[in-house]
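Working notes, beginning with the structure itself.
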Amino acid sequence: MPLQLTPSQTAGPYLKIGLLRELFGPELVAPDAPGAIRIKGVVLDGAGDPVPDAMVEIWQANAAGRYAHPADTREDLPLDGSFAGFGRTGTEDEGRFEFVTVKPGPVPGPDGRPQAPHVNVSVFARGLLKHVVTRIYFPDEEAANAADPVLSSIADPGARASLVAQEDGGALRFDIRLQGDRQTTFFVV
Amino acid sequence: MQDDTDNGARPVDPDPPNDYPDYVGTRLRAPKQPLVILPHTLSELTGPAYGDGKIDPLAGDLTRQHAGEPLGERIVVTGRVLGSDGRPIRGQLVEVWQANAAGRYAHAVDTHDAPLDPNFTGAGRALTDDDGVYRFVTIKPGSYPWKNHYNAWRPQHIHFSLFGRAFTERLVTQMYFPGDPLLEIDPIYQSIRDEKARESLISMFDLELTEPEWALGYRFDIVVGGRNATPLKDH
């Protein structure tokens, strides 16, 4: 019998004390690093109001499509020792967050064919008894997005579109709507 | 992407539903659309880690982060981080945060009329050792009112955050204390439907961990695992 898993509880309104300190931050690469991109957005609640007390985490492969993790054994792809692939930031008064990172390369899907490049996202906040998980896809990857097994499994065009960032003045914009008509698509992992 | 083939026996999903209106904060924040099931690819089976051993051992002692000692009941909180197969998870980062002994967080948003303690921030971190054991020294957090409903008070708790071994195993939870009368009326605790899963968040008082003339000991083991991984059909 497997052991009973420990259940989730909300991170609550004071997560900043414990989690938003010097250990992790929103810059996965330096802003002037080659290939650096900015991903910014707001977290909104069901009334369309900003969520000022959330934490957003991202986890992604490097530019070559390799994860800095022992389970990714594709040794033909380079690992970049300085790129851990993980970032964490809090939202502030306007619900805003922003990361500086690189665009990840494609990683294999369930059948071995490549998935479209994507960034894995977890959102924690007061009012979320368990964190929610989503993905950021890239707007300049139309063909790869159309062939992506996860995106193409979502029938509703609006739900699909909620996973694709938008170009916005040199940055990528990805708003996270927790609830409502235009709710972001969230996943069970 | 509904997958009807995944109907074998597996550990009970212990997590509370996000849609749980008794906890008022969920009402405008809990997603209402059904979740889409992700296939497990490298994106899910990898995940962040922090295991290079560079955590200051003092980061696990919340009573020694300031010039003086915090007020309150000194406690040791320790336990093992395990996979669902019972194997210890080594080098795992455990991050904690909590209110002070008076039930007040060192956070600008907390306006509860209880004193701040200049000697207590309420944040700690530690890495698990080769047996998966983490250890914190802290003070017992106070209960505090939280306006969820009339006369709502949170049971005493410490927040825990762990990465697990993969993106699927990320866990943020709360540890409670045995015998707390507020557990029965706390919607956050009660949002966990399975009684055994709920009770697994209550630490155990342990006289063996208790250090004479110094601190009470509480044990809290944590089990992380892929909740919706390959169904277990062999039991």
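Residue numbering restarts at 1 in every chain; chains get A, B, ... in the order shown in the structure tokens, and ligands count up from 1 in that same order.
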
Please run DSSP on the backbone and report, as a tab-separated table (two decimals) with N, CA and C atoms, in the first residue's frame, all residues within region 6-94 of chain B that come out as alpha helix (DSSP H).
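Generated file (selection_33.tsv):
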```tsv
chain	number	residue	atom	x	y	z
B	42	LEU	N	8.09	15.01	-19.74
B	42	LEU	CA	9.24	15.52	-18.99
B	42	LEU	C	8.90	16.82	-18.26
B	43	SER	N	7.95	17.58	-18.78
B	43	SER	CA	7.59	18.84	-18.12
B	43	SER	C	7.03	18.60	-16.73
B	44	GLU	N	6.34	17.47	-16.56
B	44	GLU	CA	5.73	17.17	-15.26
B	44	GLU	C	6.64	16.30	-14.40
B	45	LEU	N	7.46	15.48	-15.05
B	45	LEU	CA	8.26	14.51	-14.30
B	45	LEU	C	9.61	15.07	-13.87
```

Practice problem: With a cut-off of 8 Å and counting only C-alpha atoms, select all residues of chain A in contact with chain B and give the selection as a ChimeraX atom specification. | Solution: /A:1-11,13-15,17-19,45-47,59-61,67,69-72,84-86,107-110,120,126-131,150,153-154,178-180,183,185-189

Please produce a file of those selected residues containing N, CA and C atoms, as a short mmCIF file (atom, residue, chain, number, x, y, z; two decimals), in the first residue's frame.
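out-v1.cif was written with the following content:
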```cif
data_model
loop_
_atom_site.label_atom_id
_atom_site.label_comp_id
_atom_site.auth_asym_id
_atom_site.auth_seq_id
_atom_site.Cartn_x
_atom_site.Cartn_y
_atom_site.Cartn_z
N MET A 1 0.85 -1.20 0.00
CA MET A 1 0.00 0.00 0.00
C MET A 1 0.88 1.25 0.00
N PRO A 2 0.65 2.15 -0.93
CA PRO A 2 1.39 3.42 -0.87
C PRO A 2 0.98 4.21 0.36
N LEU A 3 1.88 5.00 0.86
CA LEU A 3 1.56 5.87 1.99
C LEU A 3 0.55 6.94 1.56
N GLN A 4 -0.27 7.34 2.49
CA GLN A 4 -1.20 8.45 2.25
C GLN A 4 -0.40 9.73 1.97
N LEU A 5 -0.72 10.39 0.87
CA LEU A 5 -0.02 11.63 0.56
C LEU A 5 -0.47 12.74 1.51
N THR A 6 0.42 13.64 1.80
CA THR A 6 0.09 14.79 2.64
C THR A 6 -0.76 15.77 1.84
N PRO A 7 -1.92 16.16 2.35
CA PRO A 7 -2.79 17.05 1.58
C PRO A 7 -2.29 18.50 1.54
N SER A 8 -2.74 19.19 0.53
CA SER A 8 -2.43 20.61 0.36
C SER A 8 -3.30 21.47 1.28
N GLN A 9 -2.77 22.61 1.66
CA GLN A 9 -3.55 23.66 2.32
C GLN A 9 -3.14 25.00 1.70
N THR A 10 -3.99 25.98 1.83
CA THR A 10 -3.69 27.26 1.20
C THR A 10 -2.37 27.86 1.73
N ALA A 11 -1.68 28.57 0.85
CA ALA A 11 -0.47 29.29 1.27
C ALA A 11 -0.84 30.52 2.09
N PRO A 13 -2.41 34.45 3.12
CA PRO A 13 -2.04 35.82 2.70
C PRO A 13 -0.62 36.23 3.06
N TYR A 14 0.07 35.41 3.82
CA TYR A 14 1.38 35.85 4.34
C TYR A 14 2.53 35.04 3.75
N LEU A 15 2.31 34.45 2.58
CA LEU A 15 3.33 33.58 2.00
C LEU A 15 4.65 34.31 1.76
N ILE A 17 6.36 36.10 3.67
CA ILE A 17 7.30 35.95 4.78
C ILE A 17 8.22 34.77 4.55
N GLY A 18 7.63 33.66 4.13
CA GLY A 18 8.41 32.44 4.04
C GLY A 18 9.02 32.17 2.69
N LEU A 19 8.34 32.63 1.63
CA LEU A 19 8.71 32.12 0.31
C LEU A 19 9.32 33.18 -0.61
N ASP A 45 -8.92 37.98 -10.08
CA ASP A 45 -9.94 37.10 -9.48
C ASP A 45 -11.21 37.11 -10.32
N GLY A 46 -12.24 36.45 -9.81
CA GLY A 46 -13.48 36.30 -10.56
C GLY A 46 -14.23 37.60 -10.77
N ALA A 47 -13.92 38.63 -10.00
CA ALA A 47 -14.54 39.94 -10.20
C ALA A 47 -13.69 40.81 -11.13
N TRP A 59 8.61 26.94 -14.16
CA TRP A 59 9.57 25.84 -14.30
C TRP A 59 9.65 25.53 -15.80
N GLN A 60 10.84 25.50 -16.33
CA GLN A 60 10.95 25.34 -17.78
C GLN A 60 12.27 24.69 -18.18
N ALA A 61 12.27 24.21 -19.41
CA ALA A 61 13.50 23.70 -20.03
C ALA A 61 14.36 24.88 -20.48
N TYR A 67 15.64 19.98 -19.50
CA TYR A 67 15.36 20.36 -18.12
C TYR A 67 16.57 20.08 -17.24
N HIS A 69 17.34 18.62 -14.56
CA HIS A 69 16.77 17.66 -13.62
C HIS A 69 17.24 16.27 -14.02
N PRO A 70 17.54 15.40 -13.05
CA PRO A 70 18.06 14.08 -13.39
C PRO A 70 17.13 13.22 -14.25
N ALA A 71 15.82 13.49 -14.20
CA ALA A 71 14.89 12.68 -15.01
C ALA A 71 15.02 13.00 -16.50
N ASP A 72 15.62 14.13 -16.83
CA ASP A 72 15.83 14.45 -18.24
C ASP A 72 17.22 13.95 -18.63
N ALA A 84 18.89 27.30 -14.02
CA ALA A 84 18.20 26.29 -13.22
C ALA A 84 16.79 26.04 -13.73
N GLY A 85 16.23 26.98 -14.48
CA GLY A 85 14.90 26.78 -15.06
C GLY A 85 13.76 27.06 -14.11
N PHE A 86 14.08 27.65 -12.95
CA PHE A 86 13.03 27.90 -11.95
C PHE A 86 13.04 29.37 -11.54
N VAL A 107 10.14 20.11 -25.89
CA VAL A 107 10.42 18.87 -25.16
C VAL A 107 9.44 17.80 -25.64
N PRO A 108 9.79 16.53 -25.50
CA PRO A 108 8.93 15.49 -26.06
C PRO A 108 7.59 15.37 -25.34
N GLY A 109 6.58 15.02 -26.11
CA GLY A 109 5.24 14.79 -25.57
C GLY A 109 5.04 13.33 -25.22
N PRO A 110 3.79 12.96 -24.90
CA PRO A 110 3.52 11.59 -24.45
C PRO A 110 3.87 10.53 -25.49
N ASN A 120 6.00 25.96 -17.60
CA ASN A 120 5.05 25.41 -16.61
C ASN A 120 4.88 26.42 -15.47
N ARG A 126 -3.83 33.00 -1.06
CA ARG A 126 -5.00 32.94 -0.18
C ARG A 126 -6.22 32.62 -1.06
N GLY A 127 -7.08 31.75 -0.60
CA GLY A 127 -8.27 31.43 -1.39
C GLY A 127 -8.07 30.26 -2.34
N LEU A 128 -6.83 29.82 -2.51
CA LEU A 128 -6.57 28.60 -3.28
C LEU A 128 -6.14 27.52 -2.30
N LEU A 129 -7.00 26.54 -2.08
CA LEU A 129 -6.67 25.48 -1.12
C LEU A 129 -5.57 24.59 -1.66
N LYS A 130 -5.48 24.51 -2.98
CA LYS A 130 -4.34 23.86 -3.64
C LYS A 130 -3.89 24.80 -4.74
N HIS A 131 -2.59 24.85 -4.98
CA HIS A 131 -2.12 25.74 -6.04
C HIS A 131 -2.68 25.31 -7.38
N VAL A 150 -1.22 18.81 -26.00
CA VAL A 150 -2.02 19.35 -24.90
C VAL A 150 -2.97 20.42 -25.43
N SER A 153 -5.80 19.14 -27.52
CA SER A 153 -6.81 18.33 -26.83
C SER A 153 -7.90 19.20 -26.22
N ILE A 154 -7.69 20.52 -26.23
CA ILE A 154 -8.67 21.43 -25.61
C ILE A 154 -9.59 21.95 -26.71
N LEU A 178 -8.22 33.68 -12.55
CA LEU A 178 -8.53 32.51 -11.72
C LEU A 178 -9.95 32.01 -11.93
N GLN A 179 -10.82 32.90 -12.39
CA GLN A 179 -12.25 32.58 -12.44
C GLN A 179 -12.88 33.47 -13.49
N GLY A 180 -14.10 33.13 -13.90
CA GLY A 180 -14.86 34.03 -14.77
C GLY A 180 -14.92 33.55 -16.21
N GLN A 183 -11.70 32.60 -17.84
CA GLN A 183 -10.78 31.91 -16.93
C GLN A 183 -9.64 31.24 -17.69
N THR A 185 -7.09 28.37 -18.48
CA THR A 185 -7.20 26.92 -18.37
C THR A 185 -6.18 26.41 -17.36
N PHE A 186 -6.66 25.63 -16.41
CA PHE A 186 -5.77 25.03 -15.41
C PHE A 186 -5.78 23.51 -15.57
N PHE A 187 -4.70 22.92 -15.09
CA PHE A 187 -4.47 21.49 -15.31
C PHE A 187 -4.43 20.72 -14.01
N VAL A 188 -4.80 19.45 -14.11
CA VAL A 188 -4.45 18.48 -13.07
C VAL A 188 -3.11 17.88 -13.47
N VAL A 189 -2.14 17.93 -12.58
CA VAL A 189 -0.89 17.22 -12.86
C VAL A 189 -0.82 15.99 -11.97
#
```

May I have all residues of region 131-166 of chain A that DSSP, computed from the backbone, assigns to strand (DSSP E or B), given as a CSV table (one decimal) with C-alpha atoms, in the first residue's frame?
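Result written to result03.csv:
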```
chain,number,residue,atom,x,y,z
A,132,VAL,CA,-3.3,25.9,-9.6
A,133,VAL,CA,-1.2,24.8,-12.6
A,134,THR,CA,-1.1,26.2,-16.1
A,135,ARG,CA,1.2,26.5,-19.1
A,136,ILE,CA,2.5,29.5,-21.1
A,137,TYR,CA,2.8,28.9,-24.8
A,164,VAL,CA,-0.9,31.4,-25.3
A,166,GLN,CA,0.6,37.7,-26.4
```

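The space separating CA of Ala171 (chain A) from CA of Arg38 (chain A) comes to 4.9 Å.
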